[in-house]
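Colleague: Okay, here's the structure, questions in a sec.
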Amino acid sequence: MTELDQRLAPDFFERVQRRVRDQLAHQGLDAFLSDHPEDIAYLTGFFHHPSERPAAIWIDSDGRAVLLLPELEREYAESQSAHAELVAFPEYPGVVSPFAALARAVGNGGRRVGFAMTMPYARLSAARESLPGVEFIPSDLLTRCRFVKFPEEVALHREAARITDRMLEAGVALVAEALSDGAELPTEAELERHVTATGTRIMYAEHRNVVIASLLAGGLVYSGANSAFPHGLPSVNRLRAGDTFMLSLGCAVGGRFVEGERTFVLGEATPDQRRFHDTIHRAQRVGRETIRAGLECREANRLCLDVIREAGLGEYIRHRQGHGIGLGMHEPPWLEDGDSTRLEPGMIVSNEPGVYVPGHAGYRISDSMLVTADGAESLTTYPRTLDDCTIAL
């Protein structure tokens, strides 16, 4: 079996930077500045642990990409073959602002420069102070450039989906093995550690140049009433017969994320458990059918969640249908009533309707969907029906 190399080739970053420069011209901008770690990784391939020391990427219409970073990160960036000119500052806060080093490199002429709206006020102020001749304009240019994935990115997402399915299988197997052996069932935290170890073990065994992103593998594991919190953290609660429990898992390959979530019942389902699970299964199936190129995100969201409302369970809806996935586990566009973005081929979004019944449990099924020219493909494929997600006692 050929090992997968998680590091992308230099020509990938050339194409990414060309895409951004094309948009600079379209929006009448001369350059773009972002300090977001995901933007930096997207444009240069440099992944790092963000801290108080700023790192930022400057890309301009003249063909330059300049990566501002602390001197202590220079060798690390070089080891990752960061696809940019490296400009380092000595230390933070420094006698002179770190952004003064960027100003010396790019000049302080009168230019219109877009900046990522995620930039903290303090860093934006420091950039403005060091570049007083520049007009800084808030822009979502880079965010939108990241919407549509290049083929190399899709390949990484596919591999992340394969591993996520394996993690789901491993979680179910751990519970089934405990039942078969007559052993104590695992706690939520023990189950989370097991599936996380499964995902990372596969990567290190089968891949080269594993990219450490904000989350390599893992997720949320919760059971019973704890699963009624949509983002409840794993606890020491031990699984029990009759429980509803959720495996909300994912991983990042080459920094590209995927999520896959399933809701399980431990033992024969009650009528209420079947009603809740069957309803979200129908909603999620409709979601798979309505995620398609040309449809607005808000319309996909409405069509999906209407299934839950029409089943009389609207009071238990706590969140939107889904969100974009890429270098971030959660990123735009948002499949929600307030987002009019039209879906395009090459986007990857989650499809994760859910219901949450206080004091009882939560029910959610999620797949990562690749929008195609004629619909959408589910990258995660673990079975979804209640019969498939029932673990017999």
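By order in the structure tokens, chains are A, B, ...; within a chain, residues start at 1; ligands start at 1, following the order shown.
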Compile the contact shell of range 165-168 of chain A as a VMD selection string: residues with an atom at most 12 Å away, counting only C-alpha atoms, same-chain residues fewer than 4 positions apart removed.
Modeller: chain A and resid 158 to 161 172 to 175 191 to 203 217 to 221 246 to 251 258 to 264 366 to 368 378 to 384 389
Colleague: Can you build me a table of range 99-190 of chain A residues sitting at most 12 Å from range 24-28 of chain A, with the closest atom pair per residue and its distance in Å to one decimal, using only C-alpha atoms, sorted by chain and residue number, as a Markdown table?
Modeller:
```
| residue | atom | partner | partner_atom | distance |
| --- | --- | --- | --- | --- |
| A:Arg111 | CA | A:Gly28 | CA | 10.2 |
| A:Arg112 | CA | A:Gly28 | CA | 7.8 |
| A:Val113 | CA | A:Leu24 | CA | 9.1 |
| A:Gly114 | CA | A:Leu24 | CA | 8.5 |
| A:Phe115 | CA | A:Leu24 | CA | 11.4 |
| A:Ile137 | CA | A:Gly28 | CA | 10.7 |
| A:Pro138 | CA | A:Gln27 | CA | 11.6 |
| A:Ser139 | CA | A:Gln27 | CA | 9.3 |
| A:Asp140 | CA | A:Gln27 | CA | 10.7 |
| A:Leu141 | CA | A:Leu24 | CA | 7.9 |
| A:Leu142 | CA | A:Leu24 | CA | 9.5 |
| A:Arg144 | CA | A:Leu24 | CA | 12.0 |
| A:Cys145 | CA | A:Leu24 | CA | 10.7 |
```
Colleague: Name all residues at most 6 Å from Glu296 in chain A (count only C-alpha atoms; drop same-chain ones fewer than 4 positions away) and give them as a PyMOL selection string.
Modeller: chain A and resi 340-342
Colleague: Residues at most 9 Å from Arg298 in chain A, counting only C-alpha atoms, excluding those fewer than 4 positions away in the same chain, as a ChimeraX atom specification?
Modeller: /A:302-303,334-342
Colleague: Enumerate as a ChimeraX atom specification all residues of range 129-286 of chain A assigned to alpha helix (DSSP H) by DSSP on the backbone, naming them with the chain letters and numbers the document uses.
Modeller: /A:129-130,141-145,151-181,188-206,271-286
Colleague: I'd like the neighbourhood of range 232-238 of chain A as a list in words, where a residue qualifies if any of its atoms comes within 9 Å (using only C-alpha atoms), though same-chain residues fewer than 5 positions away should be ignored.
Modeller: Glu184, Leu185, Pro186, Thr187, Glu188, Ala189, Glu190, Leu191, Glu192, Gly219, Leu220, Val221, Tyr222, Ser223, Gly224, Asn226 and Ser227 of chain A
Colleague: Identify, on the basis of only C-alpha atoms, every residue whose closest approach to His323 in chain A does not exceed 7 Å; exclude the query and any residue fewer than 3 positions from it along the same chain; express the result as a PyMOL selection string.
Modeller: chain A and resi 330-335+349-350
Colleague: Using only C-alpha atoms, which residues sit within 12 Å of Glu135 in chain A once same-chain residues fewer than 5 positions away are excluded, as a ChimeraX atom specification?
Modeller: /A:29-33,108-115,124,127-129
Colleague: Include C-alpha atoms and write out the residues we just selected as an mmCIF file, in the first residue's frame.
Modeller:
```cif
data_model
loop_
_atom_site.group_PDB
_atom_site.id
_atom_site.type_symbol
_atom_site.label_atom_id
_atom_site.label_comp_id
_atom_site.auth_asym_id
_atom_site.auth_seq_id
_atom_site.Cartn_x
_atom_site.Cartn_y
_atom_site.Cartn_z
ATOM 1 C CA LEU A 29 -7.463 45.574 -3.850
ATOM 2 C CA ASP A 30 -3.673 45.712 -4.047
ATOM 3 C CA ALA A 31 -2.979 43.207 -1.272
ATOM 4 C CA PHE A 32 -4.542 41.170 1.522
ATOM 5 C CA LEU A 33 -3.480 40.674 5.148
ATOM 6 C CA ASN A 108 4.406 51.828 2.990
ATOM 7 C CA GLY A 109 3.036 53.154 -0.283
ATOM 8 C CA GLY A 110 -0.561 54.227 -0.812
ATOM 9 C CA ARG A 111 -2.350 50.943 -1.429
ATOM 10 C CA ARG A 112 -5.777 49.463 -0.741
ATOM 11 C CA VAL A 113 -5.263 46.364 1.406
ATOM 12 C CA GLY A 114 -8.023 43.984 2.429
ATOM 13 C CA PHE A 115 -7.819 42.438 5.857
ATOM 14 C CA LEU A 124 -5.104 45.454 13.170
ATOM 15 C CA ALA A 127 -0.596 46.940 11.383
ATOM 16 C CA ARG A 128 -2.200 50.342 10.732
ATOM 17 C CA GLU A 129 0.355 52.083 12.930
#
```
Colleague: Using DSSP secondary structure from the backbone, list all strand (DSSP E or B) positions within range 227-317 of chain A, as an NGL selection string.
Modeller: :A and (238 or 244-253 or 256-266 or 296)
Colleague: Pick the closest to Gly322 in chain A from A:Arg104, A:Gln284, A:Leu295, A:Leu43: which is it, counting only C-alpha atoms?
Modeller: A:Gln284
Colleague: Which residue gives the smallest distance to Val106 in chain A among A:Gln6, A:Ser214, A:Ser81, A:Ser61, with only C-alpha atoms counted?
Modeller: A:Ser61
